[in-house]
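run-v9.txt follows (compact mmCIF, C-alpha atoms):
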# COMPACT_ATOMS: atom_id res chain seq x y z
CA MET A 298 139.34 232.84 25.53
CA SER A 299 139.80 229.83 27.78
CA ALA A 300 141.33 230.02 31.23
CA ARG A 301 144.52 228.45 29.92
CA GLU A 302 144.83 230.99 27.13
CA THR A 303 144.76 233.81 29.65
CA VAL A 304 148.01 232.54 31.14
CA GLY A 305 149.95 234.41 28.48
CA ARG A 306 148.52 237.71 29.73
CA ARG A 307 149.66 237.44 33.31
CA GLU A 308 151.30 240.48 34.79
CA THR A 309 154.98 240.93 35.21
CA GLY A 310 156.57 243.38 37.55
CA LEU A 311 156.75 245.79 34.62
CA GLY A 312 153.11 245.30 33.71
CA GLU A 313 154.28 243.42 30.63
CA ASP A 314 154.05 239.76 29.80
CA ALA A 315 156.91 237.58 28.64
CA ALA A 316 156.00 238.09 25.01
CA SER A 317 156.12 241.84 25.28
CA VAL A 318 159.36 241.74 27.25
CA ALA A 319 160.86 239.62 24.51
CA SER A 320 159.44 241.91 21.84
CA THR A 321 162.03 244.29 20.50
CA GLY A 322 159.89 246.34 18.13
CA GLY A 323 160.79 244.61 14.89
CA ARG A 324 164.38 243.79 15.81
CA GLU A 325 165.34 240.17 16.17
CA ALA A 326 164.55 239.13 19.77
CA ALA A 327 167.59 238.68 22.00
CA PRO A 328 168.15 235.01 22.83
CA ALA A 329 166.80 233.80 26.14
CA HIS A 330 169.28 232.21 28.52
CA PRO A 331 168.93 228.39 28.68
CA ASN A 332 168.43 227.82 32.37
CA ARG A 333 169.25 224.14 32.94
CA LEU A 334 169.83 222.33 36.20
CA PRO A 335 173.59 221.98 36.78
CA THR A 336 175.19 218.55 36.49
CA ASP A 337 175.53 218.39 40.28
CA TRP A 338 171.78 218.87 40.65
CA TRP A 339 171.52 215.73 42.76
CA ARG A 340 173.62 217.29 45.55
CA ARG A 341 171.30 220.26 45.95
CA ASN A 342 168.54 218.56 47.89
CA PRO A 343 168.53 215.64 50.39
CA ARG A 344 165.66 214.00 48.51
CA TYR A 345 167.69 214.08 45.28
CA VAL A 346 170.65 212.55 47.15
CA LEU A 347 168.45 209.78 48.54
CA TYR A 348 167.05 209.13 45.05
CA MET A 349 170.55 208.81 43.58
CA LEU A 350 171.67 206.55 46.43
CA ARG A 351 168.67 204.29 45.87
CA GLU A 352 169.36 204.14 42.15
CA PHE A 353 173.03 203.39 42.81
CA THR A 354 172.19 200.46 45.09
CA ALA A 355 170.72 198.71 42.05
CA VAL A 356 174.28 198.27 40.70
CA PRO A 357 175.57 195.85 43.42
CA ILE A 358 172.22 194.04 43.34
CA ALA A 359 172.61 193.55 39.58
CA ILE A 360 176.19 192.29 40.05
CA TRP A 361 175.02 189.84 42.69
CA MET A 362 172.20 188.62 40.44
CA VAL A 363 174.61 188.00 37.55
CA TRP A 364 176.87 186.06 39.91
CA PHE A 365 173.86 184.05 41.12
CA LEU A 366 172.83 183.22 37.54
CA ILE A 367 176.35 182.00 36.82
CA GLU A 368 176.20 179.73 39.89
CA ILE A 369 172.82 178.35 38.81
CA GLY A 370 174.26 177.73 35.35
CA ARG A 371 177.10 175.71 36.91
CA ALA A 372 174.56 173.59 38.81
CA ARG A 373 173.12 172.28 35.53
CA GLY A 374 175.77 169.57 35.62
CA GLY A 375 174.55 168.31 39.00
CA PRO A 376 175.44 169.02 42.63
CA ALA A 377 179.13 168.61 41.89
CA GLY A 378 179.07 171.64 39.62
CA TYR A 379 177.51 173.87 42.24
CA ARG A 380 180.35 175.78 43.89
CA PRO A 381 178.93 178.79 45.72
CA HIS A 382 181.41 181.48 46.61
CA GLN A 383 181.95 181.15 50.35
CA SER A 384 184.56 183.75 51.22
CA LEU A 385 183.78 186.15 54.07
CA ALA A 386 183.97 189.09 51.67
CA PHE A 387 181.29 187.55 49.43
CA VAL A 388 179.07 186.77 52.41
CA ILE A 389 179.33 190.40 53.55
CA PHE A 390 178.66 191.56 49.98
CA SER A 391 175.60 189.30 49.85
CA VAL A 392 174.25 190.66 53.13
CA VAL A 393 174.74 194.23 51.92
CA CYS A 394 172.93 193.36 48.68
CA LEU A 395 170.12 191.80 50.71
CA VAL A 396 169.74 195.03 52.70
CA PHE A 397 169.65 197.03 49.46
CA ALA A 398 167.09 194.66 47.94
CA VAL A 399 164.87 194.87 51.03
CA TRP A 400 165.13 198.67 50.89
CA HIS A 401 164.09 198.65 47.21
CA SER A 402 161.22 196.28 47.90
CA PHE A 403 160.00 198.23 50.92
CA THR A 404 160.12 201.67 49.26
CA PHE A 405 158.50 200.32 46.08
CA LEU A 406 155.71 198.35 47.72
CA ARG A 407 155.01 201.13 50.22
CA LEU A 408 153.90 203.25 47.27
CA SER A 409 151.87 200.53 45.58
CA GLY A 410 148.69 201.85 47.17
CA LEU A 411 149.14 205.13 45.34
CA ILE A 412 150.06 203.57 42.02
CA VAL A 413 147.82 200.54 41.66
CA ARG A 414 144.24 201.57 41.08
CA ILE A 415 141.67 198.77 41.20
CA PRO A 416 138.13 199.97 40.40
CA LEU A 417 135.41 198.83 42.78
CA GLY A 418 132.17 200.19 41.39
CA GLU A 419 132.39 203.97 41.47
CA ARG A 420 135.20 203.79 44.01
CA THR A 421 138.56 202.04 44.14
CA VAL A 422 140.11 199.47 46.45
CA PRO A 423 141.61 201.36 49.45
CA ALA A 424 145.33 202.10 49.19
CA SER A 425 146.00 200.44 52.56
CA ALA A 426 144.52 197.16 51.31
CA ILE A 427 146.71 197.26 48.20
CA VAL A 428 149.84 197.94 50.27
CA ALA A 429 148.98 195.12 52.68
CA GLY A 430 148.31 192.79 49.74
CA SER A 431 151.61 193.73 48.09
CA PHE A 432 153.64 193.02 51.22
CA GLY A 433 151.65 189.81 51.73
CA LEU A 434 152.54 188.68 48.20
CA LEU A 435 156.20 189.55 48.83
CA ILE A 436 156.24 187.39 51.96
CA VAL A 437 154.53 184.48 50.18
CA ALA A 438 156.94 184.75 47.22
CA THR A 439 159.93 184.91 49.58
CA VAL A 440 158.79 181.79 51.45
CA VAL A 441 158.08 179.87 48.23
CA VAL A 442 161.37 180.80 46.54
CA GLY A 443 163.32 180.29 49.77
CA GLY A 444 161.68 176.90 50.22
CA LEU A 445 162.52 175.85 46.66
CA LEU A 446 166.14 176.94 47.06
CA THR A 447 166.75 175.38 50.48
CA LEU A 448 164.56 172.29 50.34
CA GLY A 449 164.11 171.64 46.63
CA GLY A 450 167.75 170.80 46.06
CA ARG A 451 167.88 168.07 48.68
CA MET B 1366 163.88 251.85 56.98
CA PRO B 1367 162.80 249.71 59.97
CA ASP B 1368 165.42 248.26 62.30
CA LYS B 1369 165.05 244.76 60.95
CA THR B 1370 166.13 244.14 57.38
CA ILE B 1371 166.81 241.18 55.15
CA THR B 1372 168.82 240.84 51.96
CA LEU B 1373 167.33 239.50 48.75
CA SER B 1374 169.79 238.32 46.11
CA VAL B 1375 167.83 238.54 42.87
CA THR B 1376 168.84 237.18 39.46
CA ARG B 1377 169.24 239.95 36.88
CA PHE B 1378 169.48 239.23 33.18
CA ASP B 1379 169.03 241.57 30.25
CA PRO B 1380 169.51 239.53 27.07
CA ASP B 1381 170.62 242.64 25.19
CA LEU B 1382 173.38 243.45 27.69
CA ASP B 1383 174.26 240.46 29.84
CA PRO B 1384 176.06 237.38 28.51
CA GLU B 1385 175.02 235.47 31.63
CA PRO B 1386 172.53 236.02 34.44
CA ARG B 1387 174.03 237.64 37.54
CA GLN B 1388 172.86 238.12 41.13
CA GLN B 1389 172.13 241.56 42.56
CA SER B 1390 171.59 242.09 46.29
CA TYR B 1391 168.96 244.40 47.77
CA GLU B 1392 168.47 245.15 51.45
CA ILE B 1393 164.79 245.50 52.25
CA PRO B 1394 162.77 246.09 55.45
CA PHE B 1395 161.64 242.89 57.10
CA LYS B 1396 158.23 242.25 58.57
CA ASP B 1397 157.07 238.93 59.91
CA ASP B 1398 154.22 238.61 57.43
CA MET B 1399 156.22 239.43 54.31
CA VAL B 1400 156.57 236.92 51.51
CA VAL B 1401 159.24 236.90 48.81
CA LEU B 1402 156.83 238.53 46.37
CA ASP B 1403 156.29 241.40 48.83
CA GLY B 1404 160.05 241.81 48.97
CA LEU B 1405 160.30 241.97 45.18
CA ASN B 1406 157.47 244.49 45.02
CA TRP B 1407 159.24 246.61 47.64
CA ILE B 1408 162.43 246.52 45.59
CA LYS B 1409 160.53 247.49 42.46
CA THR B 1410 158.73 250.36 44.18
CA HIS B 1411 161.60 251.79 46.22
CA LEU B 1412 164.93 250.60 44.88
CA ASP B 1413 164.95 249.39 41.28
CA GLY B 1414 161.98 249.66 38.93
CA SER B 1415 163.66 247.55 36.28
CA VAL B 1416 163.42 244.25 38.15
CA SER B 1417 161.12 241.98 36.12
CA TYR B 1418 159.01 239.10 37.41
CA ARG B 1419 155.54 237.65 36.97
CA TRP B 1420 152.82 237.87 39.55
CA SER B 1421 149.09 238.35 39.77
CA CYS B 1422 146.83 237.07 42.55
CA ARG B 1423 149.21 237.12 45.56
CA MET B 1424 147.30 234.24 47.15
CA GLY B 1425 148.63 231.01 45.63
CA ILE B 1426 145.87 230.60 43.08
CA CYS B 1427 147.07 231.97 39.75
CA GLY B 1428 150.42 230.16 39.65
CA SER B 1429 152.20 233.15 38.10
CA CYS B 1430 154.94 233.87 40.62
CA GLY B 1431 156.88 230.61 40.49
CA MET B 1432 160.57 231.18 41.22
CA ASN B 1433 163.52 229.41 42.82
CA VAL B 1434 163.89 230.50 46.44
CA ASN B 1435 167.15 229.37 48.02
CA GLY B 1436 167.36 226.61 45.43
CA THR B 1437 163.83 225.27 45.78
CA PRO B 1438 160.95 226.01 43.38
CA LYS B 1439 158.33 228.02 45.28
CA LEU B 1440 155.48 230.41 44.70
CA GLY B 1441 156.84 233.85 45.61
CA CYS B 1442 153.52 234.69 47.25
CA SER B 1443 153.68 231.66 49.54
CA ALA B 1444 157.35 231.75 50.58
CA PHE B 1445 157.57 233.71 53.84
CA LEU B 1446 160.78 235.64 54.37
CA ARG B 1447 160.73 234.67 58.06
CA ASP B 1448 161.47 231.10 56.99
CA TYR B 1449 164.78 232.24 55.48
CA LEU B 1450 166.16 234.35 58.33
CA PRO B 1451 168.76 235.70 58.69
CA GLY B 1452 169.12 235.62 54.91
CA PRO B 1453 170.23 236.35 52.32
CA VAL B 1454 167.35 234.94 50.31
CA VAL B 1455 168.50 233.89 46.87
CA VAL B 1456 165.72 234.42 44.32
CA GLU B 1457 166.30 232.91 40.87
CA PRO B 1458 164.16 232.13 37.82
CA LEU B 1459 162.65 228.65 37.59
CA PRO B 1460 165.26 226.19 36.27
CA ASN B 1461 164.59 224.18 33.10
CA PHE B 1462 162.99 227.14 31.33
CA PRO B 1463 164.79 229.72 29.19
CA VAL B 1464 165.16 233.05 30.98
CA VAL B 1465 163.69 235.94 29.01
CA ARG B 1466 164.62 238.62 31.54
CA ASP B 1467 165.48 238.61 35.26
CA LEU B 1468 162.96 236.21 36.84
CA VAL B 1469 160.72 235.97 33.76
CA ILE B 1470 160.92 232.61 32.00
CA ASP B 1471 159.70 231.55 28.57
CA MET B 1472 156.81 229.17 29.25
CA SER B 1473 155.95 228.40 25.62
CA SER B 1474 157.32 224.82 25.76
CA PHE B 1475 155.07 224.13 28.75
CA MET B 1476 152.02 225.55 26.99
CA GLU B 1477 152.68 223.34 23.95
CA LYS B 1478 152.99 220.24 26.16
CA LEU B 1479 149.82 221.17 28.00
CA SER B 1480 147.74 221.46 24.84
CA ALA B 1481 149.30 218.25 23.43
CA VAL B 1482 147.53 216.14 26.08
CA LYS B 1483 144.13 217.57 25.11
CA PRO B 1484 143.16 218.78 28.57
CA TRP B 1485 139.45 218.88 27.97
CA ILE B 1486 136.59 216.42 28.04
CA ILE B 1487 136.37 214.49 24.79
CA ARG B 1488 133.02 212.92 23.96
CA GLU B 1489 132.21 210.31 21.34
CA GLN B 1490 128.49 210.77 21.76
CA GLY B 1491 126.84 214.00 22.83
CA ALA B 1492 129.14 216.98 23.02
CA ILE B 1493 129.68 218.28 26.54
CA GLY B 1494 127.63 221.40 25.83
CA THR B 1495 124.55 219.57 24.64
CA GLY B 1496 123.13 218.61 28.00
CA GLU B 1497 123.76 217.48 31.54
CA PHE B 1498 126.29 214.75 32.18
CA LEU B 1499 125.76 213.86 35.79
CA GLN B 1500 128.57 212.72 38.06
CA THR B 1501 128.42 211.34 41.58
CA PRO B 1502 130.68 212.69 44.35
CA ALA B 1503 132.54 209.37 44.32
CA GLN B 1504 133.22 209.74 40.59
CA THR B 1505 134.41 213.31 41.10
CA GLU B 1506 136.73 212.16 43.88
CA GLN B 1507 138.56 209.89 41.45
CA TYR B 1508 140.19 212.82 39.65
CA ARG B 1509 139.67 215.77 42.03
CA GLN B 1510 143.24 216.09 43.32
CA PHE B 1511 144.67 216.10 39.80
CA SER B 1512 142.31 218.96 38.89
CA MET B 1513 143.86 221.23 41.54
CA CYS B 1514 146.90 222.04 39.38
CA ILE B 1515 147.42 225.78 38.83
CA ASN B 1516 150.05 225.41 36.09
CA CYS B 1517 152.72 227.13 38.16
CA MET B 1518 155.43 224.96 36.57
CA LEU B 1519 157.27 224.35 39.86
CA CYS B 1520 157.12 220.61 39.12
CA TYR B 1521 158.91 221.12 35.80
CA SER B 1522 161.65 223.04 37.55
CA ALA B 1523 162.10 220.33 40.18
CA CYS B 1524 162.20 217.52 37.61
CA PRO B 1525 165.76 216.42 36.67
CA VAL B 1526 164.35 214.40 33.77
CA ILE B 1527 163.14 217.63 32.12
CA ALA B 1528 166.70 218.96 32.48
CA ILE B 1529 168.08 215.94 30.66
CA GLU B 1530 165.17 215.37 28.26
CA PRO B 1531 163.59 218.76 27.55
CA GLU B 1532 161.03 217.09 25.27
CA PHE B 1533 159.59 215.05 28.17
CA ILE B 1534 155.90 215.99 28.42
CA GLY B 1535 156.39 216.47 32.12
CA PRO B 1536 154.53 216.18 35.42
CA ALA B 1537 151.77 218.79 35.20
CA ALA B 1538 150.66 217.91 31.67
CA ILE B 1539 150.54 214.19 32.48
CA ALA B 1540 148.68 214.88 35.74
CA LEU B 1541 146.15 216.88 33.76
CA ALA B 1542 145.83 214.10 31.20
CA ARG B 1543 145.24 211.71 34.09
CA ARG B 1544 142.58 214.05 35.46
CA TYR B 1545 140.59 213.66 32.22
CA GLU B 1546 141.36 209.95 31.90
CA LEU B 1547 139.70 209.43 35.28
CA ASP B 1548 136.71 211.66 34.51
CA SER B 1549 133.60 209.52 34.06
CA ARG B 1550 132.31 211.95 31.42
CA ASP B 1551 135.39 211.59 29.22
CA GLN B 1552 135.28 209.19 26.27
CA ALA B 1553 138.70 209.84 24.76
CA GLY B 1554 139.72 206.19 24.93
CA ASP B 1555 143.24 205.85 23.53
CA GLU B 1556 143.26 209.30 21.94
CA ARG B 1557 144.92 211.06 24.86
CA LEU B 1558 146.73 207.98 26.14
CA ARG B 1559 148.61 207.62 22.84
CA THR B 1560 150.26 210.99 23.41
CA ILE B 1561 151.40 210.39 26.97
CA THR B 1562 152.54 206.79 26.44
CA ALA B 1563 154.58 207.65 23.33
CA SER B 1564 158.27 208.56 23.46
CA ASP B 1565 158.78 211.68 25.63
CA GLY B 1566 155.81 210.51 27.68
CA ILE B 1567 155.36 208.62 30.94
CA TRP B 1568 158.21 206.16 30.35
CA ASP B 1569 160.77 208.97 30.51
CA CYS B 1570 159.89 209.45 34.19
CA SER B 1571 162.35 207.78 36.56
CA PHE B 1572 160.16 208.49 39.61
CA VAL B 1573 162.36 210.99 41.42
CA GLY B 1574 159.15 212.26 43.02
CA GLU B 1575 160.30 215.83 43.56
CA CYS B 1576 157.46 217.13 41.34
CA SER B 1577 154.99 216.05 44.00
CA ALA B 1578 157.16 217.36 46.86
CA VAL B 1579 157.26 220.92 45.50
CA CYS B 1580 153.64 221.20 44.37
CA PRO B 1581 152.05 224.10 46.28
CA LYS B 1582 148.54 222.69 45.79
CA GLY B 1583 149.14 219.15 47.02
CA VAL B 1584 148.77 217.59 43.58
CA ASP B 1585 150.73 214.36 43.16
CA PRO B 1586 151.94 214.29 39.54
CA ALA B 1587 154.35 211.43 40.27
CA ARG B 1588 151.36 209.37 41.30
CA ALA B 1589 149.52 210.28 38.09
CA ILE B 1590 152.50 209.20 36.00
CA GLN B 1591 153.02 205.88 37.81
CA GLN B 1592 149.28 205.12 37.71
CA THR B 1593 149.29 205.72 33.96
CA LYS B 1594 152.33 203.44 33.57
CA PHE B 1595 150.52 200.70 35.49
CA ASP B 1596 147.24 201.10 33.63
CA SER B 1597 148.84 201.25 30.19
CA THR B 1598 150.88 198.12 31.00
CA LEU B 1599 147.71 196.30 32.04
CA GLY B 1600 146.09 197.55 28.86
CA VAL B 1601 148.77 195.76 26.85
CA LEU B 1602 148.96 192.59 28.95
CA LEU B 1603 145.28 192.06 29.63
CA PRO B 1604 142.45 192.46 27.13
CA TRP B 1605 140.28 193.95 29.88
CA GLY B 1606 143.09 196.03 31.43
CA GLY B 1607 143.66 199.73 31.16
CA LYS B 1608 141.07 202.32 32.06
Same coordinates, now as structure tokens:
Amino acid sequence: MSARETVGRRETGLGEDAASVASTGGREAAPAHPNRLPTDWWRRNPRYVLYMLREFTAVPIAIWMVWFLIEIGRARGGPAGYRPHQSLAFVIFSVVCLVFAVWHSFTFLRLSGLIVRIPLGERTVPASAIVAGSFGLLIVATVVVGGLLTLGGR
Amino acid sequence: MPDKTITLSVTRFDPDLDPEPRQQSYEIPFKDDMVVLDGLNWIKTHLDGSVSYRWSCRMGICGSCGMNVNGTPKLGCSAFLRDYLPGPVVVEPLPNFPVVRDLVIDMSSFMEKLSAVKPWIIREQGAIGTGEFLQTPAQTEQYRQFSMCINCMLCYSACPVIAIEPEFIGPAAIALARRYELDSRDQAGDERLRTITASDGIWDCSFVGECSAVCPKGVDPARAIQQTKFDSTLGVLLPWGGK
């Protein structure tokens, strides 16, 4: 019997395993209680709360992106069609979205060293190098896109 | 009874009698070196012999005594009562598994998921028993941390995706699949990967990360899942991608 198969024979406090506890000597076994996480599971642990907050911040970012796409669509007709929303409320909303986006980027790229595995002979590229490379690419992409948006339209 | 005591609130459930699990409190003597499992054993010996729970090694190796301690999945043998003073310490069965009795859960779904990922070395040429298949320390290091899993199922209890999608293969099984995917002696190719990249596989994971946080052996199942996502994506996008 393999090690995994022995799992079913582990002791219980009664010296019985789950199968024998459930056994009712020929009678139909009593139903086990479905033991699901409650719907408010995300409030039980600060890490769950942080996870839900991070997921939620994707919503305003998505709204902002849709708005941005609409503005780009308007610009197809030339500079006259480009009418960016300039109210103070929208500027504040944009700054908040920027903070959220930076948070997403930072938390995602910080883990890239654990996720991306690049073989290097029998070993792999060190995680620190992958993280540094990821942040480097983010900076380059930000500069290029920022340059296109601010200078390309002139 | 010694001067110092602590209260354990233990889930009781007899499927023949109880419509729902209930909590029952026991006052037990407290010593600084006592773990939750010691407390349960004291209850069973001195107060109530009907309390049911799994345990075996008492040293964090067998993975039998997984239970929810004050809302967090823990090994009963590794959760010191002193960390929960002044109490009470709420001891419940692991969430996301059906409760058979008291703290005893039905682990059959986990065992099915575990065997589904074929957690053994698969060879195309030369069965593993036919000779030596040498491995360097660097090659061993590639999968070593994923091989430390003791199948305690704490990660399944901490995973909200399992609660929503009970068919999700889950953290430990995918970590074990990853362990064999990274083993230089394994030649499974797509055989194992097909299972974990199918529906109910890696793409169900939303990267909450709590599976890795609760692991008592320092295994990082979330990392195994995200690595597999990345590799399988490369395998589709690039002809030389993947493993």
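Nearest to chain B of all the residues A:Ala438, A:Gly418, A:Cys394, A:Phe432 is A:Gly418, based on all atoms listed in the file.
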What is the CA of Val1464 in chain B to CA of Asp1398 in chain B distance in Å? 29.2 Å
Chain B residues within 8 Å of chain A, counting all atoms listed in the file: which ones, as a ChimeraX atom specification? /B:1380-1381,1385-1386,1406,1409,1414-1421,1429,1436,1459-1466,1469-1471,1503-1504,1507,1525,1528,1573,1575,1588-1589,1591-1592,1595
Enter the distance from CA of Ile367 in chain A to CA of Ser384 in chain A, in Å, rounded to one decimal.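 Going from CA of Ile367 in chain A over to CA of Ser384 in chain A, I get 16.7 Å.
For the pair CA of Arg1544 in chain B and CA of Tyr1508 in chain B, the separation is 5.0 Å.
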Contacts of Arg1377 in chain B at 7 Å or less, counting only C-alpha atoms, minus same-chain residues fewer than 3 places along, as a PyMOL selection string? chain B and resi 1386-1389+1467
Using all atoms listed in the file, which protein or nucleic acid residues come within 10 Å of Thr1501 in chain B? Drop anything in the same chain fewer than 4 positions from it, and give the result as a ChimeraX atom specification. /A:419 /B:1505-1506,1549
Shortest contact to Arg1557 in chain B, candidates B:Gly1404, B:Gly1428, B:Pro1484, B:Gly1535, atoms counted all atoms listed in the file, goes to B:Pro1484
Top pick for closest residue to Ser391 in chain A, considering A:Leu350, A:Ile360, A:Leu448, A:Val440 and counting all atoms listed in the file: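 Closest to Ser391 in chain A, using all atoms listed in the file: A:Ile360.
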Between B:Ile1561, B:Ile1534, B:Phe1511, B:Arg1550, single out the one closest to Ile1493 in chain B, counting only C-alpha atoms. B:Arg1550
Give me the residues within 10 Å of Leu1412 in chain B as a list in words, counting all atoms listed in the file and dropping any in the same chain fewer than 6 places off.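 Skipping anything fewer than 6 positions along the chain leaves Tyr1391, Glu1392, Ile1393, Leu1405 and Asn1406 of chain B.
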